[in-house]
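File shown here: start24.txt, holding compact mmCIF, C-alpha atoms and all ligand atoms.
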```txt
# COMPACT_ATOMS: atom_id res chain seq x y z
CA MET V 1 0.00 0.00 0.00
CA GLY V 2 2.81 2.36 0.88
CA ALA V 3 3.96 2.90 -2.70
CA ILE V 4 0.76 4.73 -3.73
CA LYS V 5 0.67 7.08 -0.73
CA GLY V 6 1.12 10.70 -1.71
CA LYS V 7 1.07 10.01 -5.45
CA ASN V 8 -0.93 12.15 -7.85
CA ILE V 9 -3.06 9.95 -10.05
CA VAL V 10 -5.24 11.00 -12.95
CA VAL V 11 -7.95 8.48 -13.71
CA GLY V 12 -9.29 8.88 -17.24
CA VAL V 13 -12.69 7.31 -17.76
CA CYS V 14 -14.02 6.52 -21.24
CA GLY V 15 -17.52 5.62 -22.32
CA GLY V 16 -17.80 1.91 -21.73
CA ILE V 17 -19.93 -0.21 -19.44
CA ALA V 18 -16.86 -1.10 -17.38
CA ALA V 19 -16.84 2.54 -16.21
CA TYR V 20 -18.91 1.46 -13.21
CA LYS V 21 -15.95 -0.57 -11.98
CA THR V 22 -13.72 2.50 -12.15
CA ALA V 23 -15.57 3.88 -9.15
CA SER V 24 -14.02 1.08 -7.06
CA LEU V 25 -10.61 1.78 -8.58
CA VAL V 26 -10.82 5.43 -7.57
CA ARG V 27 -11.79 4.36 -4.08
CA LEU V 28 -8.83 1.99 -3.85
CA PHE V 29 -6.42 4.75 -4.89
CA VAL V 30 -7.90 7.25 -2.44
CA LYS V 31 -7.87 4.71 0.38
CA ALA V 32 -4.21 4.04 -0.33
CA GLY V 33 -3.42 7.73 0.14
CA ALA V 34 -3.27 8.97 -3.46
CA ASP V 35 -4.60 12.31 -4.62
CA VAL V 36 -6.94 11.39 -7.47
CA GLN V 37 -8.25 13.59 -10.24
CA VAL V 38 -10.89 12.02 -12.47
CA ILE V 39 -11.28 13.07 -16.10
CA MET V 40 -14.28 11.72 -17.96
CA THR V 41 -14.87 11.76 -21.68
CA PRO V 42 -18.30 13.14 -22.60
CA SER V 43 -19.62 9.64 -23.31
CA ALA V 44 -18.29 8.26 -20.01
CA LYS V 45 -20.93 10.39 -18.27
CA GLU V 46 -23.58 8.27 -19.96
CA PHE V 47 -22.32 5.26 -18.04
CA ILE V 48 -21.51 6.64 -14.60
CA THR V 49 -22.27 10.01 -13.06
CA PRO V 50 -19.61 12.60 -12.36
CA LEU V 51 -21.18 12.94 -8.91
CA THR V 52 -20.20 9.37 -8.05
CA MET V 53 -16.65 9.97 -9.22
CA SER V 54 -16.23 13.37 -7.58
CA THR V 55 -17.58 12.03 -4.26
CA LEU V 56 -15.12 9.14 -4.31
CA SER V 57 -12.14 11.15 -5.56
CA ARG V 58 -12.93 14.20 -3.42
CA HIS V 59 -12.33 16.49 -6.39
CA ALA V 60 -14.68 17.87 -9.01
CA VAL V 61 -14.56 15.71 -12.12
CA ILE V 62 -13.18 17.34 -15.25
CA THR V 63 -14.85 16.69 -18.58
CA GLU V 64 -14.69 19.94 -20.48
CA PHE V 65 -11.83 22.30 -21.24
CA PHE V 66 -13.57 24.97 -19.16
CA THR V 67 -16.57 25.29 -16.87
CA ALA V 68 -19.33 26.93 -18.93
CA ASN V 69 -20.92 29.14 -16.28
CA THR V 70 -17.71 30.45 -14.67
CA GLY V 71 -15.34 30.33 -17.63
CA GLU V 72 -12.80 28.55 -15.40
CA TRP V 73 -10.21 26.91 -17.65
CA HIS V 74 -8.94 23.44 -16.85
CA SER V 75 -5.33 23.27 -17.84
CA HIS V 76 -4.48 19.92 -19.40
CA VAL V 77 -0.83 20.98 -19.21
CA ASP V 78 -0.98 21.51 -15.45
CA LEU V 79 -2.79 18.21 -15.02
CA GLY V 80 -0.27 16.43 -17.19
CA LEU V 81 2.60 17.83 -15.14
CA TRP V 82 0.84 17.07 -11.87
CA ALA V 83 0.21 13.39 -12.60
CA ASP V 84 2.67 10.79 -11.36
CA ALA V 85 0.45 8.23 -13.05
CA PHE V 86 -2.26 8.52 -15.66
CA VAL V 87 -4.63 5.58 -15.67
CA VAL V 88 -7.15 5.21 -18.48
CA ALA V 89 -9.84 2.79 -17.31
CA PRO V 90 -11.86 1.69 -19.12
CA ALA V 91 -9.99 2.53 -22.31
CA THR V 92 -12.23 2.20 -25.34
CA ALA V 93 -11.00 1.38 -28.85
CA CYS V 94 -11.83 4.97 -29.77
CA THR V 95 -9.74 6.59 -27.04
CA ILE V 96 -6.87 4.16 -27.60
CA GLY V 97 -6.92 5.17 -31.27
CA LYS V 98 -6.93 8.86 -30.36
CA MET V 99 -4.03 8.36 -27.97
CA VAL V 100 -2.04 6.71 -30.75
CA THR V 101 -2.78 9.28 -33.43
CA GLY V 102 -2.92 12.36 -31.20
CA VAL V 103 -6.55 13.24 -31.89
CA ALA V 104 -6.67 15.60 -28.93
CA ASP V 105 -10.33 16.59 -29.07
CA ASN V 106 -11.20 16.08 -25.42
CA MET V 107 -9.77 16.74 -21.99
CA LEU V 108 -8.69 13.13 -21.50
CA VAL V 109 -6.54 12.91 -24.63
CA THR V 110 -5.06 16.42 -24.30
CA SER V 111 -4.08 15.71 -20.70
CA TYR V 112 -2.63 12.34 -21.72
CA MET V 113 -0.52 14.06 -24.35
CA SER V 114 0.77 16.53 -21.78
CA THR V 115 1.56 13.97 -19.14
CA ARG V 116 5.08 13.15 -18.11
CA GLY V 117 3.95 10.57 -15.60
CA LYS V 118 3.64 6.85 -16.20
CA VAL V 119 0.64 5.91 -18.33
CA PHE V 120 -1.53 2.83 -17.81
CA VAL V 121 -4.30 1.75 -20.12
CA ALA V 122 -6.92 -0.83 -19.16
CA PRO V 123 -8.85 -1.67 -22.34
CA ALA V 124 -12.44 -2.82 -22.21
CA MET V 125 -14.43 -3.64 -25.32
CA ASP V 126 -16.24 -6.31 -27.20
CA LEU V 127 -14.12 -9.27 -28.28
CA ASP V 128 -14.22 -8.47 -32.00
CA MET V 129 -13.20 -4.88 -31.41
CA MET V 130 -10.47 -6.08 -29.11
CA SER V 131 -9.05 -8.55 -31.60
CA HIS V 132 -9.45 -6.18 -34.56
CA PRO V 133 -6.09 -5.42 -36.20
CA ALA V 134 -6.69 -1.69 -35.67
CA THR V 135 -6.97 -2.14 -31.90
CA GLN V 136 -4.14 -4.64 -31.72
CA GLN V 137 -1.85 -2.40 -33.72
CA ASN V 138 -2.76 0.64 -31.63
CA ILE V 139 -2.12 -1.26 -28.42
CA SER V 140 1.24 -2.36 -29.67
CA VAL V 141 2.14 1.25 -30.57
CA LEU V 142 1.19 2.38 -27.07
CA LYS V 143 3.29 -0.40 -25.53
CA ASP V 144 6.19 0.61 -27.64
CA ARG V 145 5.85 4.16 -26.41
CA GLY V 146 6.25 2.93 -22.86
CA VAL V 147 2.57 2.76 -21.89
CA THR V 148 1.68 -0.17 -19.67
CA VAL V 149 -1.32 -1.95 -21.12
CA ILE V 150 -3.24 -3.88 -18.50
CA GLU V 151 -4.62 -6.69 -20.61
CA PRO V 152 -8.36 -7.34 -20.45
CA ARG V 153 -9.59 -10.68 -19.25
CA GLU V 154 -11.54 -13.41 -20.97
CA GLY V 155 -15.10 -13.89 -19.89
CA GLU V 156 -18.67 -12.95 -20.50
CA LEU V 157 -18.97 -9.50 -22.00
CA ALA V 158 -21.79 -6.99 -21.71
CA SER V 159 -22.89 -8.03 -25.20
CA ALA V 160 -23.33 -11.59 -23.87
CA LEU V 161 -20.53 -12.73 -26.16
CA ILE V 162 -17.75 -14.64 -24.48
CA GLY V 163 -14.12 -13.78 -25.10
CA LYS V 164 -11.28 -11.40 -24.30
CA GLY V 165 -12.38 -7.85 -23.61
CA ARG V 166 -13.46 -7.57 -19.96
CA MET V 167 -11.60 -4.81 -18.21
CA GLU V 168 -9.20 -6.06 -15.56
CA GLU V 169 -10.78 -5.87 -12.12
CA PRO V 170 -10.10 -2.68 -10.12
CA GLU V 171 -7.86 -4.63 -7.73
CA GLY V 172 -5.75 -5.85 -10.66
CA ILE V 173 -5.37 -2.33 -12.07
CA PHE V 174 -4.52 -1.01 -8.63
CA GLU V 175 -1.84 -3.68 -8.22
CA ALA V 176 -0.26 -2.83 -11.59
CA VAL V 177 0.03 0.83 -10.60
CA GLU V 178 1.26 -0.05 -7.13
CA ARG V 179 3.88 -2.36 -8.65
CA PHE V 180 5.12 0.46 -10.83
CA PHE V 181 5.60 2.76 -7.88
CA SER V 182 7.36 0.08 -5.90
CA ILE V 183 9.80 -0.76 -8.72
CA ASP V 184 13.23 -0.75 -7.38
CA LYS V 185 15.10 2.21 -8.67
CA ASP V 186 17.83 -0.40 -8.98
CA LEU V 187 20.06 1.84 -11.10
CA ASP V 188 19.86 4.73 -8.66
CA GLY V 189 23.20 6.49 -8.48
CA LYS V 190 24.54 4.73 -11.59
CA LYS V 191 25.98 6.84 -14.38
CA MET V 192 25.48 5.44 -17.83
CA LEU V 193 26.66 6.32 -21.28
CA ILE V 194 24.61 5.13 -24.24
CA THR V 195 25.55 5.71 -27.86
CA VAL V 196 22.76 5.80 -30.38
CA GLY V 197 21.90 6.45 -34.00
CA PRO V 198 24.03 6.42 -37.13
CA THR V 199 27.08 8.53 -37.80
CA TYR V 200 27.35 10.72 -40.88
CA GLU V 201 30.76 10.95 -42.49
CA LYS V 202 31.02 13.99 -44.71
CA ILE V 203 32.02 13.76 -48.37
CA ASP V 204 31.39 17.45 -49.06
CA PRO V 205 29.11 20.07 -47.46
CA VAL V 206 25.95 18.36 -48.80
CA ARG V 207 26.79 14.67 -48.95
CA PHE V 208 27.72 12.05 -46.45
CA ILE V 209 28.19 8.34 -45.92
CA GLY V 210 25.65 7.08 -43.41
CA ASN V 211 23.39 4.14 -42.61
CA TYR V 212 19.76 3.28 -41.89
CA SER V 213 19.94 3.36 -38.08
CA THR V 214 17.00 5.27 -36.56
CA GLY V 215 18.20 5.16 -32.96
CA LYS V 216 15.07 3.38 -31.65
CA MET V 217 16.93 0.70 -29.75
CA GLY V 218 19.27 3.19 -28.05
CA CYS V 219 16.38 5.47 -27.07
CA CYS V 220 14.55 2.52 -25.49
CA LEU V 221 17.73 1.69 -23.54
CA ALA V 222 18.00 5.29 -22.33
CA ASP V 223 14.32 5.31 -21.27
CA GLU V 224 14.65 2.03 -19.42
CA ALA V 225 17.83 3.13 -17.64
CA VAL V 226 16.53 6.54 -16.61
CA GLU V 227 13.22 5.10 -15.36
CA ARG V 228 15.23 2.76 -13.15
CA GLY V 229 17.07 5.69 -11.63
CA ALA V 230 20.26 5.92 -13.71
CA GLU V 231 21.81 9.20 -14.78
CA VAL V 232 22.05 8.79 -18.54
CA THR V 233 24.16 10.58 -21.13
CA LEU V 234 22.99 9.73 -24.62
CA VAL V 235 25.64 10.43 -27.23
CA ALA V 236 23.50 10.61 -30.32
CA GLY V 237 24.28 10.58 -33.99
CA PRO V 238 21.71 12.16 -36.34
CA MET V 239 18.80 9.91 -35.37
CA THR V 240 15.10 10.18 -36.01
CA ALA V 241 13.91 8.53 -32.79
CA LEU V 242 13.69 10.41 -29.49
CA PRO V 243 13.68 9.11 -25.94
CA LYS V 244 10.39 9.45 -24.11
CA ASN V 245 11.76 10.62 -20.80
CA ASP V 246 13.01 14.00 -19.81
CA GLY V 247 16.14 14.09 -17.76
CA ILE V 248 18.32 12.27 -20.27
CA LYS V 249 21.36 14.33 -21.19
CA ILE V 250 21.64 14.26 -24.98
CA VAL V 251 24.96 15.13 -26.60
CA LYS V 252 24.42 15.51 -30.34
CA VAL V 253 27.23 14.49 -32.64
CA GLU V 254 27.53 13.79 -36.33
CA SER V 255 30.67 11.83 -37.15
CA ALA V 256 32.42 8.89 -35.51
CA ILE V 257 35.32 11.17 -34.52
CA GLU V 258 32.89 13.51 -32.74
CA MET V 259 31.15 10.55 -31.12
CA LEU V 260 34.45 9.21 -29.82
CA ALA V 261 35.39 12.58 -28.33
CA ALA V 262 31.99 12.92 -26.61
CA CYS V 263 32.22 9.37 -25.23
CA GLU V 264 35.76 9.75 -23.98
CA SER V 265 34.84 12.88 -22.08
CA VAL V 266 32.16 11.09 -20.03
CA TRP V 267 33.33 7.47 -19.91
CA LYS V 268 35.76 7.78 -17.03
CA ASP V 269 32.94 8.82 -14.66
CA CYS V 270 30.50 6.16 -15.85
CA ASP V 271 29.54 2.87 -14.24
CA ALA V 272 28.44 1.40 -17.54
CA ALA V 273 28.19 2.10 -21.24
CA ILE V 274 26.00 0.55 -23.89
CA MET V 275 27.17 1.07 -27.42
CA ALA V 276 24.02 0.94 -29.51
CA ALA V 277 25.17 3.34 -32.23
CA ALA V 278 25.69 2.18 -35.79
CA VAL V 279 29.06 3.82 -36.26
CA ALA V 280 30.36 4.11 -39.82
CA ASP V 281 33.46 1.96 -40.13
CA TYR V 282 35.09 4.30 -42.64
CA ARG V 283 35.06 7.99 -43.45
CA PRO V 284 36.24 9.90 -46.51
CA GLU V 285 39.87 10.80 -46.06
CA ASN V 286 39.11 14.39 -47.01
CA CYS V 287 35.90 16.36 -46.92
CA ALA V 288 35.66 18.73 -49.92
CA LEU V 289 35.18 22.30 -48.79
CA GLU V 290 32.83 23.08 -51.68
CA LYS V 291 30.07 20.93 -53.14
CA ILE V 292 31.66 18.50 -55.59
CA LYS V 293 30.33 19.33 -59.07
CA ARG V 294 29.18 16.66 -61.49
CA GLU V 295 30.20 18.82 -64.45
CA GLU V 296 33.78 18.88 -63.24
CA ASN V 297 33.98 15.11 -63.32
CA GLY V 298 32.24 14.82 -59.97
CA ILE V 299 32.96 12.05 -57.54
CA GLN V 300 34.80 9.28 -59.32
CA GLU V 301 36.23 7.72 -56.23
CA ILE V 302 36.20 8.39 -52.52
CA LYS V 303 39.32 7.43 -50.61
CA LEU V 304 38.24 6.05 -47.26
CA VAL V 305 40.12 5.80 -44.00
CA LYS V 306 39.17 3.71 -41.00
CA ASN V 307 37.18 5.29 -38.20
CA PRO V 308 38.21 4.71 -34.61
CA ASP V 309 36.38 1.86 -32.90
CA ILE V 310 34.65 3.69 -30.06
CA ALA V 311 33.55 0.56 -28.20
CA ALA V 312 37.06 -0.89 -28.40
CA THR V 313 38.60 2.39 -27.23
CA LEU V 314 36.35 2.39 -24.16
CA GLY V 315 36.92 -1.34 -23.68
CA HIS V 316 40.65 -0.89 -23.54
CA THR V 317 40.50 2.02 -21.12
CA LYS V 318 37.95 0.31 -18.89
CA ASN V 319 38.49 0.54 -15.15
CA LYS V 320 37.68 -2.25 -12.73
CA GLY V 321 33.94 -2.36 -12.14
CA GLN V 322 33.00 -0.48 -15.30
CA LEU V 323 30.61 -2.45 -17.49
CA LEU V 324 30.64 -2.25 -21.26
CA CYS V 325 28.03 -3.65 -23.60
CA GLY V 326 28.14 -3.68 -27.39
CA PHE V 327 25.71 -4.58 -30.12
CA ALA V 328 26.42 -6.65 -33.18
CA LEU V 329 24.14 -6.64 -36.18
CA GLU V 330 25.10 -9.57 -38.32
CA THR V 331 23.85 -11.20 -41.47
CA ASN V 332 25.51 -14.58 -40.95
CA ASN V 333 27.42 -16.61 -38.34
CA GLU V 334 25.95 -14.34 -35.68
CA ARG V 335 27.31 -16.18 -32.66
CA GLU V 336 30.84 -16.50 -33.95
CA HIS V 337 31.07 -12.90 -35.09
CA GLY V 338 29.48 -11.66 -31.89
CA THR V 339 31.93 -13.57 -29.70
CA MET V 340 34.87 -12.30 -31.73
CA LYS V 341 33.73 -8.70 -31.29
CA LEU V 342 33.13 -9.20 -27.60
CA LYS V 343 36.76 -10.29 -27.16
CA ARG V 344 38.32 -7.78 -29.57
CA LYS V 345 36.56 -4.83 -27.98
CA ASN V 346 37.00 -6.12 -24.39
CA LEU V 347 33.25 -5.99 -23.74
CA ASP V 348 31.44 -7.55 -20.79
CA MET V 349 28.46 -8.41 -22.90
CA ILE V 350 27.31 -8.27 -26.49
CA VAL V 351 23.78 -8.17 -27.88
CA VAL V 352 23.67 -9.95 -31.19
CA ASN V 353 20.86 -9.60 -33.67
CA SER V 354 20.52 -10.75 -37.21
CA LEU V 355 19.33 -8.77 -40.18
CA GLN V 356 17.99 -12.07 -41.51
CA ASP V 357 15.35 -12.32 -38.81
CA GLU V 358 12.05 -10.74 -39.70
CA GLY V 359 11.24 -8.29 -36.92
CA ALA V 360 14.85 -7.39 -36.15
CA GLY V 361 17.09 -4.57 -37.33
CA PHE V 362 16.70 -1.01 -38.56
CA GLY V 363 13.54 1.03 -38.10
CA VAL V 364 11.29 -1.79 -36.83
CA ASP V 365 9.80 -1.68 -33.35
CA THR V 366 10.81 -5.21 -32.46
CA ASN V 367 14.05 -7.05 -32.10
CA ILE V 368 15.21 -10.64 -31.76
CA VAL V 369 18.43 -10.83 -29.80
CA THR V 370 20.90 -13.19 -28.24
CA ILE V 371 22.96 -11.89 -25.35
CA ILE V 372 26.46 -13.29 -24.91
CA HIS V 373 28.41 -12.60 -21.73
CA SER V 374 32.21 -12.49 -21.58
CA ASP V 375 32.16 -15.69 -19.50
CA GLY V 376 30.45 -17.49 -22.39
CA ARG V 377 26.91 -17.53 -21.02
CA GLU V 378 24.43 -17.11 -23.81
CA ILE V 379 20.74 -16.24 -23.64
CA LYS V 380 18.46 -16.36 -26.67
CA TYR V 381 15.27 -14.31 -26.55
CA PRO V 382 12.11 -14.50 -28.65
CA LYS V 383 10.88 -11.54 -30.69
CA LYS V 384 10.11 -8.67 -28.32
CA SER V 385 9.43 -4.95 -28.52
CA LYS V 386 12.61 -2.89 -28.42
CA ARG V 387 11.51 -1.55 -25.06
CA GLU V 388 11.32 -5.09 -23.66
CA VAL V 389 14.69 -5.90 -25.18
CA ALA V 390 16.10 -2.81 -23.44
CA LYS V 391 14.93 -4.22 -20.12
CA ASP V 392 16.56 -7.58 -20.81
CA VAL V 393 19.82 -5.92 -21.83
CA ILE V 394 20.00 -3.77 -18.72
CA ASP V 395 18.99 -6.66 -16.42
CA GLU V 396 21.75 -8.80 -17.88
CA LEU V 397 24.42 -6.10 -17.94
CA PHE V 398 24.10 -5.22 -14.29
CA GLU V 399 23.81 -8.83 -13.30
CA CYS V 400 27.34 -9.29 -14.71
CA LYS V 401 28.65 -7.38 -11.77
CA LYS V 402 27.33 -9.83 -9.18
O1 LIG V 501 32.46 -4.10 -35.30
P1 LIG V 501 31.03 -3.72 -35.33
O2 LIG V 501 30.78 -2.39 -35.99
O3 LIG V 501 30.10 -4.76 -35.82
O4 LIG V 501 30.69 -3.57 -33.78
C1 LIG V 501 29.47 -3.15 -33.33
C2 LIG V 501 29.60 -2.60 -31.94
O5 LIG V 501 30.72 -1.73 -31.82
C3 LIG V 501 28.41 -1.74 -31.60
O6 LIG V 501 28.23 -1.79 -30.21
C4 LIG V 501 28.87 -0.35 -32.06
O7 LIG V 501 28.16 0.67 -31.38
C5 LIG V 501 30.33 -0.38 -31.71
N1 LIG V 501 31.20 0.39 -32.61
C6 LIG V 501 31.83 1.52 -32.17
N2 LIG V 501 32.69 2.20 -33.01
C7 LIG V 501 32.90 1.79 -34.26
C8 LIG V 501 32.23 0.63 -34.74
C9 LIG V 501 31.40 -0.03 -33.90
O8 LIG V 501 31.62 1.90 -31.03
N3 LIG V 501 33.71 2.45 -35.05
```

Here is the file; what I need is its structure written in the form of C-alpha cells.
Amino acid sequence: MGAIKGKNIVVGVCGGIAAYKTASLVRLFVKAGADVQVIMTPSAKEFITPLTMSTLSRHAVITEFFTANTGEWHSHVDLGLWADAFVVAPATACTIGKMVTGVADNMLVTSYMSTRGKVFVAPAMDLDMMSHPATQQNISVLKDRGVTVIEPREGELASALIGKGRMEEPEGIFEAVERFFSIDKDLDGKKMLITVGPTYEKIDPVRFIGNYSTGKMGCCLADEAVERGAEVTLVAGPMTALPKNDGIKIVKVESAIEMLAACESVWKDCDAAIMAAAVADYRPENCALEKIKREENGIQEIKLVKNPDIAATLGHTKNKGQLLCGFALETNNEREHGTMKLKRKNLDMIVVNSLQDEGAGFGVDTNIVTIIHSDGREIKYPKKSKREVAKDVIDELFECKK
C-alpha cells in the first residue's frame, strides 16, 4: 500500500460499461493515500455520473476544457505535469486510437498528451473490437511508447458474447500501478553512457556516408535506464527517434570522430556504457570544402580511411567495475562474429541480432536478440518490442557485476 501514498493519479474514464468498476478503482487509490483527479470523456458520463466519481475522488470531475458558467479553464498541461500516473480505465477502442494518433479533441486525450507521468491503459471492449487489427496495432504502438497496457480478461462480455475484452478488475489495475511505484530504482546512483543512432561521415558540405539506423533501440535503452534511476548521457548521432523521458542528457554528434570525443569525455565517470550506435566503419579521407560538381567530373572515387572503434577504445581504457556492452548486427554466423567482437573490444556483454530475422534490425519496433556474456553464457530471446529488449539488456548487464 505504501507505494501509492502521496502520489498524484489522474484516472481517465471513457464511455464503456466497465466505467462502473472504475468507481471502485478510484476508491482503492484514495484509500491508499493517493490524490486522485478524475477526467471523464463526454460519453463516459452516460455510463456513470460525475457525482459518483467526484464524491469518491474528493475532487470535481473534469470533462470539459472549461466550466461553462464560470469560464474557469482546466489546464491539461498543469494536469499532465501534476500526474505521477495517468490511468485510463476503461480505455475504449476509440480513445486508444486517439491516444495513438494524437486526436486531442477532449480533456482526457489532451491531458494524456501533456503527461510526463507513467501511463496505464486498461482496455475494455467487445471481443471483435479487441481482436481487430486496428486495436491490436494501436495497443502495440502504445506499448512501444512505454505505456503499460493492463490486458483485459476473458469472460462474459456486456454483449453476452464470451471472449477477451473484460476490463481487468479494479484490484488488478490497482496492483499494476502499485507495482510500478514500488519498482526498485535499482540503477539509482549509476551513471550510464549510451551511444545511439548512425554517424554521418562527410564527403562534401551536402553529402555524407551514413546508414539506416534510426536510434530506436538506443532510445529505449535510455528510457529504461533513466526510469530505473540511472543518470544517462545519450551520445546521439543524427537519429530520427527520441527518448520518451526528460532528464536524459543528450549530446548531439555527427561523425564517428565527434562521437568518440563525446564518449571519452564522459566514460571515465560512468559505471556502464551501452554502445548501440551504428558507427560508420570508414570515413572519406578528405571532406571537400565546396560541393563537388558533377560537371567537373564529380565524384569518381572516394578514398576512405578507417574510423576509430569507439567501443574498443572504451573497452581498452575500462576501469575495474566499469561495465561495457556492445551490439552486433550480423547477417551470418551471428554467434561466432558476436563472440569475436566481444573479445576484440574487451566488452562484458554483447547483444547480437541478425538482419535475416524478420522483426529485427533497422527502423522496426521489435528485435530478436541473443545476449552473450564475456564468460560465455548465452541467452536467446524470442521476438520482443525494443523496449522489452532494453529491459533484458539492462537486467543482464548489471547482473554481470554480481
Ligand atoms: O564491429 P562492429 O561495428 O560490428 O561492432 C558493433 C559494436 O561496436 C556496436 O556496439 C557499435 O556501437 C560499436 N562500434 C563503435 N565504433 C565503431 C564501430 C562499432 O563503437 N567504429

Go through chain V and flag each residue having an atom no more than 10 Å from ligand LIG 501 (chain V); for those, report the closest pair of atoms plus their distance in Å to one decimal, using all atoms listed in the file, ordered by chain and rising number, as JSON lines.
```
{"residue": "V:Ile194", "atom": "CA", "partner": "V:LIG501", "partner_atom": "O7", "distance": 9.1}
{"residue": "V:Thr195", "atom": "CA", "partner": "V:LIG501", "partner_atom": "O7", "distance": 6.7}
{"residue": "V:Val196", "atom": "CA", "partner": "V:LIG501", "partner_atom": "O7", "distance": 7.5}
{"residue": "V:Gly197", "atom": "CA", "partner": "V:LIG501", "partner_atom": "O7", "distance": 8.9}
{"residue": "V:Pro198", "atom": "CA", "partner": "V:LIG501", "partner_atom": "O7", "distance": 9.1}
{"residue": "V:Thr199", "atom": "CA", "partner": "V:LIG501", "partner_atom": "N3", "distance": 9.4}
{"residue": "V:Gly218", "atom": "CA", "partner": "V:LIG501", "partner_atom": "O7", "distance": 9.8}
{"residue": "V:Ala256", "atom": "CA", "partner": "V:LIG501", "partner_atom": "N3", "distance": 6.6}
{"residue": "V:Ile257", "atom": "CA", "partner": "V:LIG501", "partner_atom": "N3", "distance": 8.9}
{"residue": "V:Met259", "atom": "CA", "partner": "V:LIG501", "partner_atom": "O8", "distance": 8.7}
{"residue": "V:Leu260", "atom": "CA", "partner": "V:LIG501", "partner_atom": "N2", "distance": 7.9}
{"residue": "V:Cys263", "atom": "CA", "partner": "V:LIG501", "partner_atom": "O8", "distance": 9.5}
{"residue": "V:Ala273", "atom": "CA", "partner": "V:LIG501", "partner_atom": "O6", "distance": 9.8}
{"residue": "V:Ile274", "atom": "CA", "partner": "V:LIG501", "partner_atom": "O6", "distance": 7.1}
{"residue": "V:Met275", "atom": "CA", "partner": "V:LIG501", "partner_atom": "O7", "distance": 4.1}
{"residue": "V:Ala276", "atom": "CA", "partner": "V:LIG501", "partner_atom": "O7", "distance": 4.6}
{"residue": "V:Ala277", "atom": "CA", "partner": "V:LIG501", "partner_atom": "O7", "distance": 4.1}
{"residue": "V:Ala278", "atom": "CA", "partner": "V:LIG501", "partner_atom": "O7", "distance": 5.3}
{"residue": "V:Val279", "atom": "CA", "partner": "V:LIG501", "partner_atom": "C8", "distance": 4.7}
{"residue": "V:Ala280", "atom": "CA", "partner": "V:LIG501", "partner_atom": "N3", "distance": 6.1}
{"residue": "V:Asp281", "atom": "CA", "partner": "V:LIG501", "partner_atom": "N3", "distance": 5.1}
{"residue": "V:Tyr282", "atom": "CA", "partner": "V:LIG501", "partner_atom": "N3", "distance": 7.9}
{"residue": "V:Lys306", "atom": "CA", "partner": "V:LIG501", "partner_atom": "N3", "distance": 8.2}
{"residue": "V:Asn307", "atom": "CA", "partner": "V:LIG501", "partner_atom": "N3", "distance": 5.5}
{"residue": "V:Pro308", "atom": "CA", "partner": "V:LIG501", "partner_atom": "N3", "distance": 5.1}
{"residue": "V:Asp309", "atom": "CA", "partner": "V:LIG501", "partner_atom": "N3", "distance": 3.5}
{"residue": "V:Ile310", "atom": "CA", "partner": "V:LIG501", "partner_atom": "O8", "distance": 3.7}
{"residue": "V:Ala311", "atom": "CA", "partner": "V:LIG501", "partner_atom": "O8", "distance": 3.7}
{"residue": "V:Ala312", "atom": "CA", "partner": "V:LIG501", "partner_atom": "O8", "distance": 6.7}
{"residue": "V:Thr313", "atom": "CA", "partner": "V:LIG501", "partner_atom": "O8", "distance": 8.0}
{"residue": "V:Leu314", "atom": "CA", "partner": "V:LIG501", "partner_atom": "O8", "distance": 8.4}
{"residue": "V:Gly315", "atom": "CA", "partner": "V:LIG501", "partner_atom": "O8", "distance": 9.6}
{"residue": "V:Leu324", "atom": "CA", "partner": "V:LIG501", "partner_atom": "O6", "distance": 9.3}
{"residue": "V:Cys325", "atom": "CA", "partner": "V:LIG501", "partner_atom": "O6", "distance": 6.9}
{"residue": "V:Gly326", "atom": "CA", "partner": "V:LIG501", "partner_atom": "O6", "distance": 3.4}
{"residue": "V:Phe327", "atom": "CA", "partner": "V:LIG501", "partner_atom": "O6", "distance": 3.8}
{"residue": "V:Ala328", "atom": "CA", "partner": "V:LIG501", "partner_atom": "C1", "distance": 4.6}
{"residue": "V:Leu329", "atom": "CA", "partner": "V:LIG501", "partner_atom": "O3", "distance": 6.3}
{"residue": "V:Glu330", "atom": "CA", "partner": "V:LIG501", "partner_atom": "O3", "distance": 7.4}
{"residue": "V:His337", "atom": "CA", "partner": "V:LIG501", "partner_atom": "O3", "distance": 8.2}
{"residue": "V:Gly338", "atom": "CA", "partner": "V:LIG501", "partner_atom": "O3", "distance": 8.0}
{"residue": "V:Met340", "atom": "CA", "partner": "V:LIG501", "partner_atom": "O1", "distance": 9.3}
{"residue": "V:Lys341", "atom": "CA", "partner": "V:LIG501", "partner_atom": "O1", "distance": 6.2}
{"residue": "V:Leu342", "atom": "CA", "partner": "V:LIG501", "partner_atom": "C2", "distance": 8.7}
{"residue": "V:Arg344", "atom": "CA", "partner": "V:LIG501", "partner_atom": "O1", "distance": 9.0}
{"residue": "V:Lys345", "atom": "CA", "partner": "V:LIG501", "partner_atom": "O5", "distance": 7.6}
{"residue": "V:Leu347", "atom": "CA", "partner": "V:LIG501", "partner_atom": "O6", "distance": 9.2}
{"residue": "V:Met349", "atom": "CA", "partner": "V:LIG501", "partner_atom": "O6", "distance": 9.9}
{"residue": "V:Ile350", "atom": "CA", "partner": "V:LIG501", "partner_atom": "O6", "distance": 7.5}
{"residue": "V:Val351", "atom": "CA", "partner": "V:LIG501", "partner_atom": "O6", "distance": 8.1}
{"residue": "V:Val352", "atom": "CA", "partner": "V:LIG501", "partner_atom": "C1", "distance": 9.2}
```

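Across the structure, CA of His59 (chain V) and CA of Ala122 (chain V) are spaced 22.2 Å apart.
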
Which residue gives the smallest distance to Asp223 (chain V) among V:Leu242, V:Ile209, V:Thr339, V:Ser24, with only C-alpha atoms counted?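 Result for the nearest residue to Asp223 (chain V): V:Leu242.
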
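As for CA of Met99 (chain V) and CA of Ala225 (chain V), they are spaced 24.7 Å apart.
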
Which residue gives the smallest distance to Lys293 (chain V) among V:Pro205, V:Gly210, V:Gly80, V:Gly229, with all atoms listed in the file counted?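 When distances to Lys293 (chain V) are compared using all atoms listed in the file, the smallest one comes from V:Pro205.
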
Nearby residues (all atoms listed in the file) at most 10 Å from Ile162 (chain V), same-chain spacing under 6 positions excluded, as a ChimeraX atom specification: /V:126-127,154-156

Work out how far CA of Thr370 (chain V) is from CA of Ile250 (chain V), in Å to one decimal.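 Calculated distance between CA of Ile250 (chain V) and CA of Thr370 (chain V) is 27.7 Å.
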